[in-house]
Structures are given as C-alpha cells and as structure tokens.
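Q: Below you will find the structure I want to go over with you.
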Amino acid sequence: MNRQRSRIRSGTTLTAAAMQDSLSGMAQNEPILIDFEASCLPEYGLSFPIEVAAARIDGQSRAWLIRPLPVWKTWDWSEEAEALHGISIATLESEGLPPEQVLSELTAFVGLREPYSDADLDQYWLETLCQGIGAGLPFAIRFLGEWMAAQSCTRPEVDAALEEARVRLPQAHLARADAKRLALVVRLLMENEPA
C-alpha cells in the first residue's frame, strides 16, 4: 500500500486494475459484522433465519428480510421473538426476498472481508439458510471475541466501546441495528489503537 501511495504522489497513474487490487487489499481481512434475527431461539424449537444484516466499519450496511422457504413454514415461530424484533410472518411473506437472492447479495457485500458476530448462533442461521437452498457456505462467521483477543483489546477498552456504541445506536433486536452497533464497537476499538 505504501508503495502505491508513493507512486500516486510521484505522479504515476495507477490503472483501474491496480486501483481495484489496492481496494481489495484494504478490504481483505477487514472485519465486517453480521447479525441474524430468527423465528425463535433454538432452545425454543426448530428456528429459521428471517433477517440478516452486515455492517462494515466504514459505516456502510445492508439488511435483508428473508422470505420463508416452504419447508420452514412448519418450523417454530416465537411470539416473544416477534415482539422483540417486530417482524411478522406476514411481513416476511410480503416484503421478504428469496433466500437465494439474500445469500447472493450478502456474499457480494461481505466480499473479502472477515465476517464476525457476537453470537455463535449467527453461524448456525447462515448454515440453515445455505442448507435450505442447497448452497455451500460462502464464508464462516467468527466470534467477535477472537478479533478482540487478536487485537489485544483490554476488558476496559471493550466495555467502553460497547457502552459508547449503545449510547450512539441504542436500538436493539433488529439485525441492521445490531450489526451497525457491533461495527461501531470495532471501529472505536481500532481508533483507540496506538499509532
């Protein structure tokens, strides 16, 4: 990257392909945060994914409502979960996208970034989505605590970032809001790194 910056400063023009390689290099290994909402928690029955969101640390985010597959219509639905996230079966039927489209667009949005979540259940719901449409897993979702440990984040730093993110983005139990809040936590921790 520094070599490319020096070429730009010296007046050498980068080709479009070189610019794309540079952007891909920056995105590679950059965390992206993923959050799913589901029909219920697994301990309450057979659950399926109803919404997924991904948020980048630069603030960009996407969210998708997932139209239930026919097989999922016999699975469990929790009224308590619906009360938290506010997504009804009727909303999913009318506004949800086909699961194949959701997976394709999610995969494209993630790109070369490293997907993380604050719960192992998000990997389970990604697997459920893929199995439902007969697709292979496009990526694995890692636990955000692994990233924090690799960055040597201290407990006080994590607690402060979590609290600041909750103050700035208080809405919870919507996939987009949760993913954006986690991305903000990561950005705050990265900004706190010594130069």
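Ordered as shown in the structure tokens, chains take letters A, B, and onward, while each chain numbers its residues from 1 and ligands are numbered from 1 in the order shown.
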Fewer than 2 positions away in the same chain doesn't count, so skip those; otherwise give me all residues within 10 Å of range 70-82 of chain A, counting only C-alpha atoms, as number ranges by chain.
A: A: 37-42, 44-49, 67-68, 84-89, 132, 173
Q: Show which residues sit within 12 Å of Gly134 in chain A, as a PDB file with N, CA, C and O atoms, in the first residue's frame. Count only C-alpha atoms, and ignore same-chain residues fewer than 3 positions away.
A:
ATOM      1  N   LEU A  69     -38.788 -20.295   3.308  1.00  0.00           N
ATOM      2  CA  LEU A  69     -38.897 -21.417   2.389  1.00  0.00           C
ATOM      3  C   LEU A  69     -40.116 -22.249   2.780  1.00  0.00           C
ATOM      4  O   LEU A  69     -40.500 -22.272   3.956  1.00  0.00           O
ATOM      5  N   PRO A  99     -34.566 -16.514  -0.476  1.00  0.00           N
ATOM      6  CA  PRO A  99     -33.326 -16.833   0.235  1.00  0.00           C
ATOM      7  C   PRO A  99     -32.095 -16.889  -0.673  1.00  0.00           C
ATOM      8  O   PRO A  99     -31.007 -16.479  -0.266  1.00  0.00           O
ATOM      9  N   GLU A 100     -32.249 -17.350  -1.910  1.00  0.00           N
ATOM     10  CA  GLU A 100     -31.119 -17.409  -2.841  1.00  0.00           C
ATOM     11  C   GLU A 100     -30.575 -16.013  -3.128  1.00  0.00           C
ATOM     12  O   GLU A 100     -29.367 -15.802  -3.187  1.00  0.00           O
ATOM     13  N   LEU A 103     -28.724 -14.651   0.034  1.00  0.00           N
ATOM     14  CA  LEU A 103     -27.379 -15.217   0.190  1.00  0.00           C
ATOM     15  C   LEU A 103     -26.419 -14.635  -0.838  1.00  0.00           C
ATOM     16  O   LEU A 103     -25.287 -14.290  -0.499  1.00  0.00           O
ATOM     17  N   GLU A 127     -25.800 -21.338   8.208  1.00  0.00           N
ATOM     18  CA  GLU A 127     -25.828 -22.731   7.757  1.00  0.00           C
ATOM     19  C   GLU A 127     -27.247 -23.174   7.415  1.00  0.00           C
ATOM     20  O   GLU A 127     -27.477 -23.851   6.407  1.00  0.00           O
ATOM     21  N   THR A 128     -28.222 -22.776   8.229  1.00  0.00           N
ATOM     22  CA  THR A 128     -29.618 -23.117   7.971  1.00  0.00           C
ATOM     23  C   THR A 128     -30.085 -22.509   6.656  1.00  0.00           C
ATOM     24  O   THR A 128     -30.772 -23.171   5.860  1.00  0.00           O
ATOM     25  N   LEU A 129     -29.721 -21.261   6.413  1.00  0.00           N
ATOM     26  CA  LEU A 129     -30.058 -20.595   5.153  1.00  0.00           C
ATOM     27  C   LEU A 129     -29.458 -21.350   3.974  1.00  0.00           C
ATOM     28  O   LEU A 129     -30.153 -21.658   2.996  1.00  0.00           O
ATOM     29  N   CYS A 130     -28.176 -21.672   4.066  1.00  0.00           N
ATOM     30  CA  CYS A 130     -27.495 -22.371   2.961  1.00  0.00           C
ATOM     31  C   CYS A 130     -28.079 -23.764   2.742  1.00  0.00           C
ATOM     32  O   CYS A 130     -28.324 -24.169   1.595  1.00  0.00           O
ATOM     33  N   GLN A 131     -28.299 -24.514   3.816  1.00  0.00           N
ATOM     34  CA  GLN A 131     -28.870 -25.858   3.685  1.00  0.00           C
ATOM     35  C   GLN A 131     -30.261 -25.797   3.068  1.00  0.00           C
ATOM     36  O   GLN A 131     -30.622 -26.647   2.252  1.00  0.00           O
ATOM     37  N   LEU A 137     -21.557 -23.122   2.074  1.00  0.00           N
ATOM     38  CA  LEU A 137     -21.279 -21.936   2.887  1.00  0.00           C
ATOM     39  C   LEU A 137     -20.324 -21.008   2.136  1.00  0.00           C
ATOM     40  O   LEU A 137     -19.253 -21.432   1.725  1.00  0.00           O
TER      41      LEU A 137
END
Q: Could you tell me which of A:Glu30, A:Asp159, A:Asp58, A:Glu146 comes closest to Asp120 in chain A if we count only C-alpha atoms?
A: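 Residue with the minimum atom-to-atom distance to Asp120 in chain A: A:Glu146.
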Q: Restricting the calculation to only C-alpha atoms, which member of A:Phe36, A:Gly136, A:Leu169, A:Leu184 is positioned closest to Ser104 in chain A?
A: A:Gly136
Q: Quick one: of A:Leu182, A:Gln151, A:Phe139, A:Arg176, who's nearest to Gln123 in chain A, counting only C-alpha atoms?
A: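 Counting only C-alpha atoms, the residue closest to Gln123 in chain A is A:Phe139.
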Q: List every residue of range 30-191 of chain A that DSSP, applied to the backbone of this structure, places in alpha helix (DSSP H), and write the result as JSON, numbers by chain.
A: {"A": [79, 80, 81, 82, 83, 84, 85, 89, 90, 91, 92, 93, 94, 95, 99, 100, 101, 102, 103, 104, 105, 106, 107, 108, 109, 110, 121, 122, 123, 124, 125, 126, 127, 128, 129, 130, 131, 132, 133, 144, 145, 146, 147, 148, 149, 150, 155, 156, 157, 158, 159, 160, 161, 162, 163, 164, 165, 166, 167, 168, 175, 176, 177, 178, 179, 180, 181, 182, 183, 184, 185, 186, 187, 188, 189, 190, 191]}
Q: What separation in Å, quoted to one decimal, exists between CA of Leu65 in chain A and CA of Val102 in chain A?
A: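 Taking CA of Leu65 in chain A and CA of Val102 in chain A, their separation equals 8.0 Å.
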Q: Smallest atom-to-atom distance to Glu51 in chain A: which of A:Val167, A:Ala175, A:Ala90, A:Cys153, using only C-alpha atoms?
A: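 Closest residue, counting only C-alpha atoms: A:Ala175.
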Q: What lies within 12 Å of Glu164 in chain A using only C-alpha atoms, ignoring chain neighbours under 3 positions off, as a PyMOL selection string?
A: chain A and resi 157-161+167-170+181-182+184-189
Q: What lies within 9 Å of Asp118 in chain A using only C-alpha atoms, ignoring chain neighbours under 5 positions off, as a list in words?
A: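 Skipping anything fewer than 5 positions along the chain leaves Leu33, Ile34, Asp35, Arg142, Phe143, Leu144, Gly145 and Leu182 of chain A.
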Q: Give the strand (DSSP E or B) residues of range 16-81 of chain A, as assigned by DSSP on the backbone, as a VMD selection string.
A: chain A and resid 31 to 38 49 to 56 61 to 66
Q: So the first atom is CA of Tyr116 in chain A and the second is CA of Glu93 in chain A; what is the distance between them in Å, to one decimal place?
A: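 Separation of CA of Tyr116 in chain A and CA of Glu93 in chain A: 28.4 Å.
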Q: For Pro115 in chain A, list every protein, DNA or RNA residue within 6 Å, evaluated using only C-alpha atoms, and leave out those in the same chain fewer than 2 positions away; present the list as a ChimeraX atom specification.
A: /A:31-33,141
Q: Quote the spacing between CA of Trp64 in chain A and CA of Ala119 in chain A in Å to one decimal place.
A: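 Between CA of Trp64 in chain A and CA of Ala119 in chain A the gap is 18.7 Å.
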Q: Which one of A:Arg62, A:Arg56, A:Ile50, A:Ala165 sits closest to Leu97 in chain A if you count only C-alpha atoms?
A: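 When distances to Leu97 in chain A are compared using only C-alpha atoms, the smallest one comes from A:Ile50.
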